[in-house]
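Q: Pasting in a structure now, in structure tokens, and then I'll have a few things to ask.
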Amino acid sequence: LLSIDVPLYNEEDNVVLLTQKIHESLEGYQYQIIYIDDFSSDKTRNVVKKMDDDKVHLIELKKNYGQSLALAAGIDYAEGEYIITMYGDLQNDPSDIPQMLEHAITEEFDLITGIRQKRKDSLVKKIPSKIANFLVRRVTRLDIKDNGCALKVFTKDIAKGLNLYGEMHRFITLLAHLEGAQIKQVPVKHHARH
């Protein structure tokens with residue numbers, strides 16, 4: 001069983017399409033999709049409920065806690081042997097999941113993390129990201145090229161051992177590294193924000 005852990009904040013226009021893409025990409029797999037609504041101010045939670053999909057589980061947070069705690073809630077709920085994290089804005093592509101999962105299983109990695117190819121973000125996002133990636137590499141000796149990629153495949157043990165709070169979702173790969181995770185980076189697709 002796989003658990004797809006997706007924090008949502010005001011994604012009413014994206015969540016149905018994202019669900020379809022996950023279903024198409026994971027045909028033949030056993031999986032659950034865990035949507036964590038981080039107290040959206042639009043109709044995101046109602047759209048998820050209307051899907052009436054057996055594979056979709058909804059966690060409704062009672063206030064806006066932010067991405068780290070939303071991810072943590074999904075990880076806590078997850079039942080899968082592998083836990084996959086991604087965001088609900090359609091920038092991550094679910095079609096990358098099978099190849100990432102293959103690396104995790106056949107090569108026995110604890111965490112497969114994406115390196116966004118042809119990144120579709122503005123310079124305002126890219127420049128701080130490059131600086132942060134450089135600093136993490138220098139200070140920790142963890143050679144990760146893209147700490148900000150949300151698309152990750154974890155073993156259950158590593159994911160459930162993470163202590164996520166505040167803005168720690170930005171350093172989730174480093175946290176896994178500090179827990180002793182064997183980590184591999186693979187190229188993944190990246191789309192413009194919807």
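Numbering starts fresh at 1 for the residues of each chain in the structure tokens, the chains themselves are lettered A, B, ... in the order given, and ligands are numbered from 1 as they appear.
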Against stretch 79-97 of chain A, which residues of stretch 9-56 of chain A fall within 12 Å? For each one I want the closest pair of atoms and the distance in Å (one decimal), counting only C-alpha atoms, rows by chain and increasing residue number, as a tab-separated table.

A:
```
residue	atom	partner	partner_atom	distance
A:Tyr9	CA	A:Gly88	CA	7.9
A:Asn10	CA	A:Asp89	CA	9.1
A:Glu11	CA	A:Gly88	CA	6.6
A:Glu12	CA	A:Gly88	CA	9.6
A:Asp13	CA	A:Asp89	CA	9.1
A:Asn14	CA	A:Asp89	CA	6.4
A:Val15	CA	A:Gly88	CA	6.6
A:Val16	CA	A:Gly88	CA	10.0
A:Leu17	CA	A:Leu90	CA	8.4
A:Leu18	CA	A:Leu90	CA	6.5
A:Thr19	CA	A:Pro94	CA	9.3
A:Gln20	CA	A:Pro94	CA	9.7
A:Lys21	CA	A:Pro94	CA	6.3
A:Ile22	CA	A:Pro94	CA	5.4
A:His23	CA	A:Pro94	CA	8.8
A:Glu24	CA	A:Ser95	CA	8.0
A:Ser25	CA	A:Ser95	CA	4.9
A:Leu26	CA	A:Ser95	CA	7.9
A:Glu27	CA	A:Ser95	CA	10.5
A:Tyr29	CA	A:Ile97	CA	11.0
A:Gln30	CA	A:Gly80	CA	9.1
A:Tyr31	CA	A:Gly80	CA	7.4
A:Gln32	CA	A:Gly80	CA	7.8
A:Ile33	CA	A:Ile84	CA	9.5
A:Ile34	CA	A:Thr85	CA	9.7
A:Tyr35	CA	A:Gly88	CA	8.6
A:Ile36	CA	A:Gly88	CA	9.8
A:Asp37	CA	A:Gly88	CA	10.1
A:Asp38	CA	A:Gly88	CA	11.3
A:Thr44	CA	A:Gly88	CA	10.5
A:Val48	CA	A:Gly88	CA	11.9
```

Q: Any idea what's packed within 10 Å of A:Ala73, counting only C-alpha atoms, ignoring anything in its chain fewer than 2 positions away? Could you give it as a short mmCIF file (atom, residue, chain, number, x, y, z; two decimals) with N, CA and C atoms, in the first residue's frame?

A:
```cif
data_model
loop_
_atom_site.label_atom_id
_atom_site.label_comp_id
_atom_site.auth_asym_id
_atom_site.auth_seq_id
_atom_site.Cartn_x
_atom_site.Cartn_y
_atom_site.Cartn_z
N ASP A 5 0.42 11.81 0.35
CA ASP A 5 0.17 12.81 1.38
C ASP A 5 0.21 14.19 0.74
N PRO A 7 -0.95 18.16 1.26
CA PRO A 7 -1.57 19.32 1.92
C PRO A 7 -2.26 20.20 0.87
N ILE A 34 -4.31 10.97 0.68
CA ILE A 34 -4.68 11.68 1.90
C ILE A 34 -4.56 13.18 1.62
N TYR A 35 -5.72 13.83 1.53
CA TYR A 35 -5.74 15.28 1.36
C TYR A 35 -5.89 15.91 2.75
N ILE A 36 -5.01 16.84 3.05
CA ILE A 36 -5.08 17.56 4.32
C ILE A 36 -5.47 18.99 4.00
N ILE A 59 -8.51 14.97 5.66
CA ILE A 59 -8.27 15.46 7.01
C ILE A 59 -8.56 16.95 6.97
N GLU A 60 -9.46 17.41 7.84
CA GLU A 60 -9.84 18.82 7.87
C GLU A 60 -9.23 19.47 9.11
N LEU A 61 -8.25 20.34 8.89
CA LEU A 61 -7.64 21.05 10.01
C LEU A 61 -8.55 22.20 10.45
N GLN A 67 2.23 24.27 6.06
CA GLN A 67 2.56 23.04 5.34
C GLN A 67 3.20 21.96 6.21
N SER A 68 4.07 22.35 7.12
CA SER A 68 4.76 21.34 7.94
C SER A 68 3.78 20.52 8.77
N LEU A 69 2.89 21.20 9.47
CA LEU A 69 1.95 20.47 10.32
C LEU A 69 0.90 19.74 9.49
N ALA A 70 0.54 20.30 8.33
CA ALA A 70 -0.38 19.60 7.44
C ALA A 70 0.26 18.30 6.93
N LEU A 71 1.53 18.38 6.50
CA LEU A 71 2.24 17.17 6.09
C LEU A 71 2.32 16.16 7.23
N ILE A 75 1.10 12.28 7.31
CA ILE A 75 2.04 11.20 7.59
C ILE A 75 1.56 10.36 8.77
N ASP A 76 1.05 11.04 9.79
CA ASP A 76 0.53 10.34 10.97
C ASP A 76 -0.64 9.42 10.60
N TYR A 77 -1.48 9.87 9.68
CA TYR A 77 -2.67 9.12 9.25
C TYR A 77 -2.31 7.98 8.28
N ALA A 78 -1.23 8.12 7.57
CA ALA A 78 -0.86 7.20 6.48
C ALA A 78 -0.69 5.76 6.94
N LEU A 164 8.06 17.20 12.29
CA LEU A 164 7.77 18.38 11.47
C LEU A 164 6.99 19.43 12.25
#
```

Q: Nearest residue to A:Leu174 out of A:Lys156, A:His57, A:Arg193, A:Lys145, using only C-alpha atoms?

A: A:Lys145

Q: Quick one: distance from atom CA of A:Arg45 to atom CA of A:Gly74 in Å, one decimal?

A: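 Taking atom CA of A:Arg45 and atom CA of A:Gly74, their separation equals 15.0 Å.
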
Q: Kindly give the distance, in Å, that separates atom CA of A:Leu111 and atom CA of A:Ile183, rounded to a single decimal.

A: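 A separation of 4.9 Å between them.
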
Q: Neighbours of A:Glu107 within 10 Å (only C-alpha atoms; same-chain residues fewer than 4 positions away dropped), as a PyMOL selection string?

A: chain A and resi 101-103+182+184

Q: Looking at A:Ala150, A:Ile144, A:Ala176, A:Ala104, which one is nearest to A:Val6, with distances taken over only C-alpha atoms?

A: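 Selected residue with least distance to A:Val6: A:Ala150.
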
Q: Could you go through chain A and tell me which residues DSSP, when run on the backbone, assigns to strand (DSSP E), listing them as a PyMOL selection string?

A: chain A and resi 2-8+31-37+56-60+82-85+111-116+152-155+183-188

Q: Could those selected residues go to a file with C-alpha atoms, as a short mmCIF file (atom, residue, chain, number, x, y, z; two decimals), in the first residue's frame?

A:
```cif
data_model
loop_
_atom_site.label_atom_id
_atom_site.label_comp_id
_atom_site.auth_asym_id
_atom_site.auth_seq_id
_atom_site.Cartn_x
_atom_site.Cartn_y
_atom_site.Cartn_z
CA LEU A 2 1.15 3.53 -0.87
CA SER A 3 0.01 6.69 0.92
CA ILE A 4 -0.02 9.91 -1.09
CA ASP A 5 0.17 12.81 1.38
CA VAL A 6 -1.06 16.12 -0.11
CA PRO A 7 -1.57 19.32 1.92
CA LEU A 8 -4.18 21.58 0.32
CA TYR A 31 -2.85 3.33 -2.66
CA GLN A 32 -4.68 5.87 -0.57
CA ILE A 33 -4.73 9.60 -1.27
CA ILE A 34 -4.68 11.68 1.90
CA TYR A 35 -5.74 15.28 1.36
CA ILE A 36 -5.08 17.56 4.32
CA ASP A 37 -7.16 20.71 4.02
CA VAL A 56 -9.49 9.61 -1.12
CA HIS A 57 -9.27 10.43 2.59
CA LEU A 58 -9.79 13.98 3.88
CA ILE A 59 -8.27 15.46 7.01
CA GLU A 60 -9.84 18.82 7.87
CA TYR A 82 5.78 3.99 1.33
CA ILE A 83 4.61 7.55 1.93
CA ILE A 84 4.71 10.00 -0.97
CA THR A 85 4.54 13.75 -0.37
CA LEU A 111 14.03 8.47 0.61
CA ILE A 112 13.85 9.36 -3.06
CA THR A 113 13.66 13.11 -3.59
CA GLY A 114 13.02 15.00 -6.80
CA ILE A 115 15.24 17.51 -8.56
CA ARG A 116 12.88 19.81 -10.46
CA LYS A 152 9.35 12.68 -2.28
CA VAL A 153 8.99 8.94 -1.66
CA PHE A 154 9.75 7.81 1.91
CA THR A 155 9.77 4.47 3.63
CA ILE A 183 18.81 9.16 0.06
CA LYS A 184 18.77 9.31 -3.73
CA GLN A 185 17.93 12.28 -5.96
CA VAL A 186 16.17 11.80 -9.30
CA PRO A 187 15.06 14.31 -11.95
CA VAL A 188 11.34 15.09 -11.96
#
```
